[in-house]
Every structure is written in structure tokens, then in C-alpha cells.
file query_34.txt (compact mmCIF, N, CA and C atoms)
# COMPACT_ATOMS: atom_id res chain seq x y z
N MET A 207 136.79 98.66 101.92
CA MET A 207 137.41 98.63 103.22
C MET A 207 138.41 97.49 103.34
N GLY A 208 138.22 96.42 102.57
CA GLY A 208 139.14 95.30 102.62
C GLY A 208 140.55 95.68 102.23
N GLU A 209 140.68 96.75 101.42
CA GLU A 209 142.02 97.20 101.04
C GLU A 209 142.77 97.74 102.25
N ILE A 210 142.05 98.49 103.07
CA ILE A 210 142.67 99.09 104.25
C ILE A 210 143.02 98.02 105.28
N LEU A 211 142.07 97.13 105.57
CA LEU A 211 142.30 96.10 106.57
C LEU A 211 143.37 95.11 106.15
N GLY A 212 143.52 94.90 104.85
CA GLY A 212 144.51 93.95 104.36
C GLY A 212 145.88 94.56 104.09
N MET A 213 146.02 95.84 104.39
CA MET A 213 147.27 96.53 104.12
C MET A 213 148.40 95.94 104.97
N THR A 214 149.53 95.69 104.33
CA THR A 214 150.71 95.22 105.04
C THR A 214 151.75 96.35 105.06
N TRP A 215 152.72 96.20 105.93
CA TRP A 215 153.77 97.23 106.00
C TRP A 215 154.55 97.30 104.70
N ASN A 216 154.60 96.21 103.95
CA ASN A 216 155.27 96.23 102.65
C ASN A 216 154.52 97.05 101.61
N ASP A 217 153.24 97.30 101.84
CA ASP A 217 152.43 98.10 100.92
C ASP A 217 152.66 99.60 101.09
N ILE A 218 153.36 99.98 102.15
CA ILE A 218 153.55 101.39 102.48
C ILE A 218 154.98 101.80 102.14
N ASP A 219 155.09 102.84 101.33
CA ASP A 219 156.39 103.38 100.94
C ASP A 219 156.55 104.75 101.61
N PHE A 220 157.22 104.76 102.76
CA PHE A 220 157.39 106.01 103.50
C PHE A 220 158.33 106.97 102.79
N LYS A 221 159.25 106.43 102.01
CA LYS A 221 160.21 107.28 101.29
C LYS A 221 159.50 108.12 100.22
N ASN A 222 158.58 107.48 99.47
CA ASN A 222 157.87 108.18 98.40
C ASN A 222 156.46 108.61 98.80
N ASN A 223 156.09 108.35 100.06
CA ASN A 223 154.77 108.72 100.59
C ASN A 223 153.62 108.19 99.74
N THR A 224 153.67 106.88 99.49
CA THR A 224 152.61 106.24 98.72
C THR A 224 152.17 104.94 99.41
N ILE A 225 150.97 104.51 99.07
CA ILE A 225 150.43 103.24 99.54
C ILE A 225 150.02 102.45 98.31
N CYS A 226 150.50 101.23 98.20
CA CYS A 226 150.19 100.36 97.07
C CYS A 226 148.98 99.51 97.42
N ILE A 227 147.99 99.54 96.55
CA ILE A 227 146.80 98.72 96.73
C ILE A 227 146.84 97.64 95.66
N ASN A 228 147.02 96.38 96.10
CA ASN A 228 147.08 95.29 95.13
C ASN A 228 146.41 94.00 95.62
N HIS A 229 145.71 94.10 96.75
CA HIS A 229 144.97 92.96 97.28
C HIS A 229 143.95 93.45 98.30
N THR A 230 143.00 92.61 98.63
CA THR A 230 142.03 92.91 99.67
C THR A 230 141.98 91.76 100.65
N LEU A 231 141.54 92.06 101.85
CA LEU A 231 141.39 91.06 102.89
C LEU A 231 139.90 90.79 103.07
N GLY A 232 139.53 89.55 102.96
CA GLY A 232 138.14 89.16 103.18
C GLY A 232 138.00 88.33 104.43
N TYR A 233 136.79 88.23 104.94
CA TYR A 233 136.50 87.45 106.15
C TYR A 233 135.14 86.82 105.95
N ASN A 234 135.11 85.47 105.87
CA ASN A 234 133.87 84.80 105.57
C ASN A 234 133.88 83.39 106.14
N SER A 235 132.74 82.75 106.08
CA SER A 235 132.60 81.39 106.58
C SER A 235 132.99 80.38 105.50
N PHE A 236 133.87 79.45 105.88
CA PHE A 236 134.27 78.34 105.02
C PHE A 236 134.15 77.07 105.84
N ASP A 237 133.36 76.14 105.35
CA ASP A 237 133.14 74.88 106.06
C ASP A 237 132.71 75.12 107.51
N GLY A 238 131.86 76.12 107.70
CA GLY A 238 131.32 76.40 109.03
C GLY A 238 132.23 77.19 109.95
N LYS A 239 133.41 77.58 109.46
CA LYS A 239 134.35 78.34 110.29
C LYS A 239 134.65 79.68 109.62
N MET A 240 134.67 80.73 110.42
CA MET A 240 135.03 82.05 109.90
C MET A 240 136.54 82.10 109.73
N ARG A 241 136.98 82.63 108.57
CA ARG A 241 138.42 82.77 108.36
C ARG A 241 138.69 83.93 107.40
N PHE A 242 139.91 84.41 107.47
CA PHE A 242 140.38 85.46 106.58
C PHE A 242 140.89 84.85 105.29
N PHE A 243 140.85 85.64 104.21
CA PHE A 243 141.42 85.22 102.94
C PHE A 243 141.82 86.46 102.16
N ILE A 244 142.71 86.29 101.20
CA ILE A 244 143.19 87.40 100.36
C ILE A 244 142.55 87.29 98.98
N ASN A 245 142.09 88.42 98.48
CA ASN A 245 141.56 88.51 97.12
C ASN A 245 142.45 89.44 96.31
N LYS A 246 142.53 89.18 95.04
CA LYS A 246 143.18 90.12 94.12
C LYS A 246 142.10 91.07 93.61
N PRO A 247 142.45 92.29 93.25
CA PRO A 247 141.46 93.21 92.68
C PRO A 247 140.79 92.59 91.45
N LYS A 248 139.52 92.90 91.30
CA LYS A 248 138.75 92.31 90.20
C LYS A 248 139.07 92.96 88.85
N THR A 249 139.57 94.18 88.87
CA THR A 249 139.88 94.88 87.62
C THR A 249 141.31 95.42 87.68
N LYS A 250 141.85 95.81 86.53
CA LYS A 250 143.19 96.40 86.49
C LYS A 250 143.23 97.69 87.29
N ALA A 251 142.12 98.44 87.26
CA ALA A 251 142.06 99.70 88.01
C ALA A 251 142.13 99.46 89.51
N GLY A 252 141.83 98.23 89.94
CA GLY A 252 141.92 97.90 91.36
C GLY A 252 143.34 97.91 91.88
N ASN A 253 144.30 97.65 91.01
CA ASN A 253 145.72 97.76 91.37
C ASN A 253 146.13 99.21 91.18
N ARG A 254 146.49 99.85 92.27
CA ARG A 254 146.84 101.27 92.16
C ARG A 254 147.76 101.68 93.29
N GLU A 255 148.35 102.83 93.09
CA GLU A 255 149.20 103.44 94.10
C GLU A 255 148.57 104.78 94.45
N ILE A 256 148.37 105.03 95.73
CA ILE A 256 147.74 106.28 96.13
C ILE A 256 148.72 107.10 96.96
N PRO A 257 148.61 108.42 96.89
CA PRO A 257 149.48 109.26 97.70
C PRO A 257 149.09 109.14 99.17
N MET A 258 150.09 109.19 100.04
CA MET A 258 149.87 109.09 101.47
C MET A 258 149.75 110.51 102.04
N LEU A 259 148.62 110.79 102.67
CA LEU A 259 148.42 112.08 103.30
C LEU A 259 149.38 112.24 104.48
N LYS A 260 149.75 113.46 104.78
CA LYS A 260 150.71 113.74 105.85
C LYS A 260 150.22 113.18 107.19
N ASP A 261 148.94 113.41 107.51
CA ASP A 261 148.40 112.91 108.78
C ASP A 261 148.42 111.38 108.83
N VAL A 262 148.11 110.75 107.71
CA VAL A 262 148.12 109.29 107.64
C VAL A 262 149.54 108.79 107.86
N ARG A 263 150.50 109.43 107.24
CA ARG A 263 151.91 109.04 107.39
C ARG A 263 152.34 109.10 108.86
N GLU A 264 151.99 110.18 109.53
CA GLU A 264 152.36 110.35 110.94
C GLU A 264 151.76 109.24 111.80
N ILE A 265 150.50 108.93 111.57
CA ILE A 265 149.84 107.89 112.36
C ILE A 265 150.45 106.53 112.06
N LEU A 266 150.70 106.24 110.80
CA LEU A 266 151.29 104.95 110.44
C LEU A 266 152.69 104.78 111.03
N LEU A 267 153.46 105.84 111.04
CA LEU A 267 154.79 105.77 111.65
C LEU A 267 154.68 105.48 113.15
N LYS A 268 153.73 106.11 113.82
CA LYS A 268 153.52 105.84 115.26
C LYS A 268 153.08 104.40 115.47
N MET A 269 152.17 103.94 114.61
CA MET A 269 151.70 102.56 114.74
C MET A 269 152.85 101.57 114.53
N ARG A 270 153.70 101.84 113.55
CA ARG A 270 154.83 100.95 113.27
C ARG A 270 155.80 100.93 114.46
N GLU A 271 156.03 102.08 115.05
CA GLU A 271 156.91 102.16 116.22
C GLU A 271 156.32 101.35 117.38
N GLU A 272 155.03 101.48 117.61
CA GLU A 272 154.37 100.70 118.66
C GLU A 272 154.48 99.20 118.39
N ARG A 273 154.30 98.82 117.13
CA ARG A 273 154.38 97.40 116.76
C ARG A 273 155.76 96.85 117.05
N HIS A 274 156.81 97.62 116.73
CA HIS A 274 158.18 97.15 116.98
C HIS A 274 158.42 96.97 118.48
N LYS A 275 157.81 97.82 119.29
CA LYS A 275 157.98 97.69 120.74
C LYS A 275 157.32 96.42 121.27
N THR A 276 156.16 96.09 120.74
CA THR A 276 155.43 94.91 121.23
C THR A 276 155.94 93.62 120.61
N LYS A 277 156.58 93.70 119.47
CA LYS A 277 157.12 92.54 118.75
C LYS A 277 156.06 91.49 118.45
N VAL A 278 154.84 91.95 118.17
CA VAL A 278 153.76 91.03 117.81
C VAL A 278 154.03 90.47 116.42
N LYS A 279 153.92 89.17 116.28
CA LYS A 279 154.05 88.53 114.96
C LYS A 279 152.65 88.36 114.40
N THR A 280 152.47 88.78 113.17
CA THR A 280 151.14 88.70 112.59
C THR A 280 150.92 87.37 111.88
N ALA A 281 149.65 87.04 111.74
CA ALA A 281 149.25 85.81 111.07
C ALA A 281 149.71 85.83 109.62
N VAL A 282 149.81 84.64 109.04
CA VAL A 282 150.09 84.50 107.61
C VAL A 282 148.78 84.05 106.96
N ILE A 283 148.32 84.85 106.00
CA ILE A 283 147.07 84.55 105.31
C ILE A 283 147.34 84.51 103.82
N ASP A 284 147.19 83.35 103.25
CA ASP A 284 147.41 83.16 101.81
C ASP A 284 148.75 83.75 101.35
N GLY A 285 149.78 83.61 102.18
CA GLY A 285 151.12 84.08 101.85
C GLY A 285 151.41 85.52 102.28
N TYR A 286 150.41 86.24 102.74
CA TYR A 286 150.60 87.63 103.19
C TYR A 286 150.77 87.65 104.70
N THR A 287 151.63 88.53 105.17
CA THR A 287 151.86 88.67 106.61
C THR A 287 152.23 90.12 106.91
N ASP A 288 152.49 90.41 108.16
CA ASP A 288 152.89 91.74 108.60
C ASP A 288 151.81 92.79 108.30
N PHE A 289 150.56 92.44 108.64
CA PHE A 289 149.44 93.34 108.43
C PHE A 289 149.54 94.55 109.35
N VAL A 290 149.08 95.68 108.87
CA VAL A 290 149.14 96.93 109.63
C VAL A 290 148.12 96.93 110.76
N PHE A 291 146.89 96.56 110.45
CA PHE A 291 145.82 96.61 111.44
C PHE A 291 145.58 95.21 111.99
N VAL A 292 146.09 94.97 113.20
CA VAL A 292 145.99 93.64 113.81
C VAL A 292 145.53 93.76 115.26
N THR A 293 145.06 92.62 115.76
CA THR A 293 144.70 92.51 117.18
C THR A 293 145.98 92.32 118.00
N ARG A 294 145.82 92.25 119.30
CA ARG A 294 146.99 92.03 120.18
C ARG A 294 147.68 90.71 119.91
N THR A 295 146.93 89.75 119.36
CA THR A 295 147.52 88.44 119.10
C THR A 295 148.09 88.32 117.69
N GLY A 296 147.98 89.39 116.89
CA GLY A 296 148.57 89.39 115.56
C GLY A 296 147.64 89.01 114.43
N ASN A 297 146.38 88.75 114.75
CA ASN A 297 145.41 88.44 113.69
C ASN A 297 144.90 89.74 113.08
N PRO A 298 144.63 89.72 111.77
CA PRO A 298 144.08 90.93 111.14
C PRO A 298 142.77 91.33 111.81
N ILE A 299 142.47 92.58 111.76
CA ILE A 299 141.22 93.09 112.33
C ILE A 299 140.11 92.87 111.31
N SER A 300 139.00 92.32 111.77
CA SER A 300 137.85 92.10 110.90
C SER A 300 137.04 93.39 110.81
N TYR A 301 136.16 93.44 109.83
CA TYR A 301 135.28 94.60 109.68
C TYR A 301 134.51 94.88 110.96
N VAL A 302 134.08 93.82 111.62
CA VAL A 302 133.29 93.94 112.83
C VAL A 302 134.06 94.68 113.92
N ASN A 303 135.35 94.41 114.01
CA ASN A 303 136.15 95.02 115.07
C ASN A 303 136.77 96.36 114.71
N LEU A 304 136.68 96.78 113.46
CA LEU A 304 137.31 98.04 113.06
C LEU A 304 136.72 99.23 113.81
N ASN A 305 135.41 99.32 113.87
CA ASN A 305 134.80 100.44 114.58
C ASN A 305 135.17 100.44 116.05
N HIS A 306 135.26 99.26 116.64
CA HIS A 306 135.67 99.16 118.03
C HIS A 306 137.08 99.73 118.22
N LEU A 307 137.98 99.38 117.31
CA LEU A 307 139.35 99.89 117.37
C LEU A 307 139.37 101.40 117.25
N ILE A 308 138.67 101.92 116.28
CA ILE A 308 138.67 103.37 116.06
C ILE A 308 138.11 104.10 117.28
N ASN A 309 137.01 103.61 117.81
CA ASN A 309 136.36 104.28 118.91
C ASN A 309 137.12 104.18 120.23
N ASN A 310 137.85 103.10 120.43
CA ASN A 310 138.50 102.90 121.71
C ASN A 310 139.99 103.18 121.76
N LYS A 311 140.68 103.03 120.64
CA LYS A 311 142.13 103.22 120.68
C LYS A 311 142.57 104.53 120.06
N TYR A 312 141.84 105.00 119.06
CA TYR A 312 142.26 106.19 118.35
C TYR A 312 141.22 107.29 118.48
N SER A 313 141.64 108.48 118.29
CA SER A 313 140.76 109.64 118.43
C SER A 313 139.85 109.80 117.22
N TYR A 314 138.91 110.72 117.36
CA TYR A 314 138.03 111.07 116.25
C TYR A 314 138.86 111.52 115.05
N ARG A 315 139.95 112.21 115.31
CA ARG A 315 140.83 112.69 114.24
C ARG A 315 141.35 111.52 113.41
N THR A 316 141.75 110.45 114.07
CA THR A 316 142.26 109.28 113.37
C THR A 316 141.15 108.63 112.54
N GLU A 317 139.95 108.55 113.10
CA GLU A 317 138.82 107.99 112.37
C GLU A 317 138.58 108.79 111.09
N LYS A 318 138.65 110.10 111.20
CA LYS A 318 138.46 110.97 110.03
C LYS A 318 139.55 110.70 108.98
N ILE A 319 140.77 110.52 109.42
CA ILE A 319 141.88 110.25 108.51
C ILE A 319 141.67 108.91 107.81
N ILE A 320 141.27 107.89 108.55
CA ILE A 320 141.04 106.58 107.95
C ILE A 320 139.92 106.66 106.92
N ARG A 321 138.88 107.40 107.23
CA ARG A 321 137.78 107.56 106.27
C ARG A 321 138.25 108.29 105.01
N ASN A 322 139.15 109.27 105.17
CA ASN A 322 139.71 109.97 104.01
C ASN A 322 140.53 109.01 103.15
N VAL A 323 141.30 108.14 103.78
CA VAL A 323 142.08 107.16 103.04
C VAL A 323 141.15 106.22 102.29
N GLN A 324 140.08 105.78 102.96
CA GLN A 324 139.12 104.90 102.29
C GLN A 324 138.51 105.59 101.08
N LYS A 325 138.22 106.87 101.20
CA LYS A 325 137.66 107.63 100.08
C LYS A 325 138.65 107.66 98.93
N LYS A 326 139.94 107.92 99.23
CA LYS A 326 140.97 107.95 98.19
C LYS A 326 141.10 106.60 97.50
N VAL A 327 141.01 105.52 98.29
CA VAL A 327 141.15 104.17 97.75
C VAL A 327 140.04 103.90 96.75
N ARG A 328 138.83 104.35 97.05
CA ARG A 328 137.68 104.13 96.17
C ARG A 328 137.75 104.92 94.88
N GLU A 329 138.51 106.02 94.86
CA GLU A 329 138.59 106.89 93.67
C GLU A 329 139.34 106.24 92.53
call {"tool": "encode", "arguments": {"input": "query_34.txt", "output": "C-alpha cells"}}
result
Amino acid sequence: MGEILGMTWNDIDFKNNTICINHTLGYNSFDGKMRFFINKPKTKAGNREIPMLKDVREILLKMREERHKTKVKTAVIDGYTDFVFVTRTGNPISYVNLNHLINNKYSYRTEKIIRNVQKKVRE
């Protein structure tokens, strides 16, 4: 799931309908404070490019359009920025808040699409 949450707009190629997976987003306690961090895949197979499903493409395009309207600037984490899944303040969404986002902002259809993407990422 860290691959999905850590996805940046630079990882998405709308022209070729692909998503590049080359890092993950983690969230853990460091020195008593919870913070985000970026990990590289542990194996060569972890770096991959997956095809973007039509439904996923449509949703991502809508999300990008909404983001441009709000002009939210996202946090910079270990040199990465412009995350796709962020809070209103621009911080990446943690695992804890992902279900809240799916249940309250997007339909069951979107949740199904995200789960399909997660399945593809694991393959």
C-alpha cells in the first residue's frame, strides 16, 4: 500500500497510460514523533511500471484537476513532493486515514478501483 500512498504526479504517465513504481511511503515513529519517510524497493522487481486501467486514469485526471483548482502545495519528504493522495493541508495520507478518505470522499466504485491497482502493484 505504501506504493499507492507515496505515488507522485511524476510517477503517472497519462500519455502512455502507465504508473511507475520506484519508491514507497512509510509512516513511523522517530525520536517519539510520527513522520513520513521514503523507501526504495527492496528488490529489483520492486521497481516496475504497471499499466493504468481506464477507470483509474479517469479518476486520477479528475483528482489532478481538483488539485489544480485548490492549488494545494504538498509536503516535501526525502526529496519527493507533489504526492497524489494528500490531505487538505498537503501532507501525504497515512494508512490510518486512507479508509476514511475512501469511505467519505469517493464512492464504492473508486474503492474497488484502488484495490485493483493495489493488486496489480503486488503482482
call {"tool": "atom_distance", "arguments": {"input": "query_34.txt", "atom1": "atom C of Ile227 in chain A", "atom2": "CA of Thr249 in chain A"}}
result
11.0 Å
call {"tool": "residues_around", "arguments": {"input": "query_34.txt", "residues": "Val262 in chain A", "least_positions_apart": "6", "cutoff": "8 Å", "atoms": "all atoms listed in the file", "output": "compact mmCIF listing (two decimals) with N, CA and C atoms, in the coordinates of the input"}}
result
# COMPACT_ATOMS: atom_id res chain seq x y z
N LYS A 268 153.73 106.11 113.82
CA LYS A 268 153.52 105.84 115.26
C LYS A 268 153.08 104.40 115.47
N ILE A 319 140.77 110.52 109.42
CA ILE A 319 141.88 110.25 108.51
C ILE A 319 141.67 108.91 107.81
N ILE A 320 141.27 107.89 108.55
CA ILE A 320 141.04 106.58 107.95
C ILE A 320 139.92 106.66 106.92
N VAL A 323 141.30 108.14 103.78
CA VAL A 323 142.08 107.16 103.04
C VAL A 323 141.15 106.22 102.29
call {"tool": "select_by_dssp", "arguments": {"input": "query_34.txt", "residues": "chain A", "states": "strand (DSSP E)", "output": "short mmCIF file (atom, residue, chain, number, x, y, z; two decimals) with N, CA and C atoms, in the frame of the given file"}}
result
data_model
loop_
_atom_site.label_atom_id
_atom_site.label_comp_id
_atom_site.auth_asym_id
_atom_site.auth_seq_id
_atom_site.Cartn_x
_atom_site.Cartn_y
_atom_site.Cartn_z
N ILE A 218 153.36 99.98 102.15
CA ILE A 218 153.55 101.39 102.48
C ILE A 218 154.98 101.80 102.14
N ASP A 219 155.09 102.84 101.33
CA ASP A 219 156.39 103.38 100.94
C ASP A 219 156.55 104.75 101.61
N THR A 224 153.67 106.88 99.49
CA THR A 224 152.61 106.24 98.72
C THR A 224 152.17 104.94 99.41
N ILE A 225 150.97 104.51 99.07
CA ILE A 225 150.43 103.24 99.54
C ILE A 225 150.02 102.45 98.31
N CYS A 226 150.50 101.23 98.20
CA CYS A 226 150.19 100.36 97.07
C CYS A 226 148.98 99.51 97.42
N ILE A 227 147.99 99.54 96.55
CA ILE A 227 146.80 98.72 96.73
C ILE A 227 146.84 97.64 95.66
N THR A 230 143.00 92.61 98.63
CA THR A 230 142.03 92.91 99.67
C THR A 230 141.98 91.76 100.65
N LEU A 231 141.54 92.06 101.85
CA LEU A 231 141.39 91.06 102.89
C LEU A 231 139.90 90.79 103.07
N GLY A 232 139.53 89.55 102.96
CA GLY A 232 138.14 89.16 103.18
C GLY A 232 138.00 88.33 104.43
N TYR A 233 136.79 88.23 104.94
CA TYR A 233 136.50 87.45 106.15
C TYR A 233 135.14 86.82 105.95
N ASN A 234 135.11 85.47 105.87
CA ASN A 234 133.87 84.80 105.57
C ASN A 234 133.88 83.39 106.14
N SER A 235 132.74 82.75 106.08
CA SER A 235 132.60 81.39 106.58
C SER A 235 132.99 80.38 105.50
N PHE A 236 133.87 79.45 105.88
CA PHE A 236 134.27 78.34 105.02
C PHE A 236 134.15 77.07 105.84
N LYS A 239 133.41 77.58 109.46
CA LYS A 239 134.35 78.34 110.29
C LYS A 239 134.65 79.68 109.62
N MET A 240 134.67 80.73 110.42
CA MET A 240 135.03 82.05 109.90
C MET A 240 136.54 82.10 109.73
N ARG A 241 136.98 82.63 108.57
CA ARG A 241 138.42 82.77 108.36
C ARG A 241 138.69 83.93 107.40
N PHE A 242 139.91 84.41 107.47
CA PHE A 242 140.38 85.46 106.58
C PHE A 242 140.89 84.85 105.29
N PHE A 243 140.85 85.64 104.21
CA PHE A 243 141.42 85.22 102.94
C PHE A 243 141.82 86.46 102.16
N ILE A 244 142.71 86.29 101.20
CA ILE A 244 143.19 87.40 100.36
C ILE A 244 142.55 87.29 98.98
N ASN A 245 142.09 88.42 98.48
CA ASN A 245 141.56 88.51 97.12
C ASN A 245 142.45 89.44 96.31
N ARG A 254 146.49 99.85 92.27
CA ARG A 254 146.84 101.27 92.16
C ARG A 254 147.76 101.68 93.29
N GLU A 255 148.35 102.83 93.09
CA GLU A 255 149.20 103.44 94.10
C GLU A 255 148.57 104.78 94.45
N ILE A 256 148.37 105.03 95.73
CA ILE A 256 147.74 106.28 96.13
C ILE A 256 148.72 107.10 96.96
N PRO A 257 148.61 108.42 96.89
CA PRO A 257 149.48 109.26 97.70
C PRO A 257 149.09 109.14 99.17
#
call {"tool": "residues_around", "arguments": {"input": "query_34.txt", "residues": "Lys250 in chain A", "least_positions_apart": "4", "cutoff": "10 Å", "atoms": "only C-alpha atoms", "output": "PDB file with N, CA and C atoms, keeping the file's coordinate frame"}}
result
ATOM      1  N   ASN A 228     147.020  96.380  96.100  1.00  0.00           N
ATOM      2  CA  ASN A 228     147.080  95.290  95.130  1.00  0.00           C
ATOM      3  C   ASN A 228     146.410  94.000  95.620  1.00  0.00           C
ATOM      4  N   LYS A 246     142.530  89.180  95.040  1.00  0.00           N
ATOM      5  CA  LYS A 246     143.180  90.120  94.120  1.00  0.00           C
ATOM      6  C   LYS A 246     142.100  91.070  93.610  1.00  0.00           C
ATOM      7  N   ARG A 254     146.490  99.850  92.270  1.00  0.00           N
ATOM      8  CA  ARG A 254     146.840 101.270  92.160  1.00  0.00           C
ATOM      9  C   ARG A 254     147.760 101.680  93.290  1.00  0.00           C
TER      10      ARG A 254
END
call {"tool": "residues_around", "arguments": {"input": "query_34.txt", "residues": "range 210-218 of chain A", "least_positions_apart": "5", "cutoff": "7 Å", "atoms": "all atoms listed in the file", "output": "VMD selection string"}}
result
chain A and resid 223 to 227 229 to 232 287 to 291 298 to 299
call {"tool": "atom_distance", "arguments": {"input": "query_34.txt", "atom1": "CA of Lys275 in chain A", "atom2": "CA of Gly296 in chain A"}}
result
13.6 Å
call {"tool": "select_by_dssp", "arguments": {"input": "query_34.txt", "residues": "chain A", "states": "alpha helix (DSSP H)", "output": "ChimeraX atom specification"}}
result
/A:208-211,260-276,301-311,314-328
call {"tool": "atom_distance", "arguments": {"input": "query_34.txt", "atom1": "CA of Tyr286 in chain A", "atom2": "atom N of Phe242 in chain A"}}
result
12.0 Å
call {"tool": "decode", "arguments": {"input": "query_34.txt", "residues": "range 215-230 of chain A", "atoms": "N, CA, C and O atoms", "output": "mmCIF file, in the first residue's frame"}}
result
data_model
loop_
_atom_site.group_PDB
_atom_site.id
_atom_site.type_symbol
_atom_site.label_atom_id
_atom_site.label_comp_id
_atom_site.auth_asym_id
_atom_site.auth_seq_id
_atom_site.Cartn_x
_atom_site.Cartn_y
_atom_site.Cartn_z
ATOM 1 N N TRP A 215 2.633 12.775 -8.799
ATOM 2 C CA TRP A 215 2.114 13.022 -10.158
ATOM 3 C C TRP A 215 3.184 12.734 -11.199
ATOM 4 O O TRP A 215 2.873 12.389 -12.333
ATOM 5 N N ASN A 216 4.449 12.824 -10.835
ATOM 6 C CA ASN A 216 5.528 12.489 -11.769
ATOM 7 C C ASN A 216 5.605 10.997 -12.063
ATOM 8 O O ASN A 216 6.217 10.595 -13.052
ATOM 9 N N ASP A 217 5.015 10.177 -11.197
ATOM 10 C CA ASP A 217 5.018 8.727 -11.398
ATOM 11 C C ASP A 217 3.963 8.278 -12.407
ATOM 12 O O ASP A 217 3.953 7.129 -12.830
ATOM 13 N N ILE A 218 3.078 9.186 -12.782
ATOM 14 C CA ILE A 218 1.959 8.844 -13.658
ATOM 15 C C ILE A 218 2.225 9.383 -15.059
ATOM 16 O O ILE A 218 2.465 10.571 -15.236
ATOM 17 N N ASP A 219 2.162 8.495 -16.033
ATOM 18 C CA ASP A 219 2.355 8.863 -17.431
ATOM 19 C C ASP A 219 1.007 8.713 -18.146
ATOM 20 O O ASP A 219 0.631 7.622 -18.554
ATOM 21 N N PHE A 220 0.284 9.831 -18.256
ATOM 22 C CA PHE A 220 -1.038 9.795 -18.882
ATOM 23 C C PHE A 220 -0.946 9.544 -20.382
ATOM 24 O O PHE A 220 -1.863 8.994 -20.975
ATOM 25 N N LYS A 221 0.159 9.937 -20.988
ATOM 26 C CA LYS A 221 0.321 9.738 -22.431
ATOM 27 C C LYS A 221 0.422 8.248 -22.774
ATOM 28 O O LYS A 221 -0.185 7.775 -23.727
ATOM 29 N N ASN A 222 1.202 7.505 -21.972
ATOM 30 C CA ASN A 222 1.397 6.077 -22.227
ATOM 31 C C ASN A 222 0.543 5.183 -21.330
ATOM 32 O O ASN A 222 0.667 3.960 -21.372
ATOM 33 N N ASN A 223 -0.284 5.805 -20.480
ATOM 34 C CA ASN A 223 -1.177 5.080 -19.566
ATOM 35 C C ASN A 223 -0.435 4.079 -18.687
ATOM 36 O O ASN A 223 -0.788 2.905 -18.608
ATOM 37 N N THR A 224 0.614 4.578 -18.029
ATOM 38 C CA THR A 224 1.378 3.732 -17.124
ATOM 39 C C THR A 224 1.634 4.460 -15.800
ATOM 40 O O THR A 224 1.571 5.689 -15.736
ATOM 41 N N ILE A 225 1.918 3.667 -14.779
ATOM 42 C CA ILE A 225 2.296 4.196 -13.470
ATOM 43 C C ILE A 225 3.632 3.561 -13.106
ATOM 44 O O ILE A 225 3.778 2.339 -13.149
ATOM 45 N N CYS A 226 4.597 4.387 -12.767
ATOM 46 C CA CYS A 226 5.929 3.921 -12.401
ATOM 47 C C CYS A 226 5.985 3.739 -10.886
ATOM 48 O O CYS A 226 5.639 4.644 -10.129
ATOM 49 N N ILE A 227 6.404 2.560 -10.473
ATOM 50 C CA ILE A 227 6.569 2.266 -9.052
ATOM 51 C C ILE A 227 8.070 2.165 -8.790
ATOM 52 O O ILE A 227 8.737 1.272 -9.299
ATOM 53 N N ASN A 228 8.598 3.137 -8.020
ATOM 54 C CA ASN A 228 10.032 3.115 -7.736
ATOM 55 C C ASN A 228 10.373 3.567 -6.314
ATOM 56 O O ASN A 228 11.528 3.794 -5.991
ATOM 57 N N HIS A 229 9.345 3.728 -5.487
ATOM 58 C CA HIS A 229 9.549 4.098 -4.090
ATOM 59 C C HIS A 229 8.274 3.802 -3.305
ATOM 60 O O HIS A 229 7.220 3.597 -3.891
ATOM 61 N N THR A 230 8.397 3.771 -1.997
ATOM 62 C CA THR A 230 7.243 3.604 -1.124
ATOM 63 C C THR A 230 7.258 4.693 -0.071
ATOM 64 O O THR A 230 8.303 5.260 0.247
#
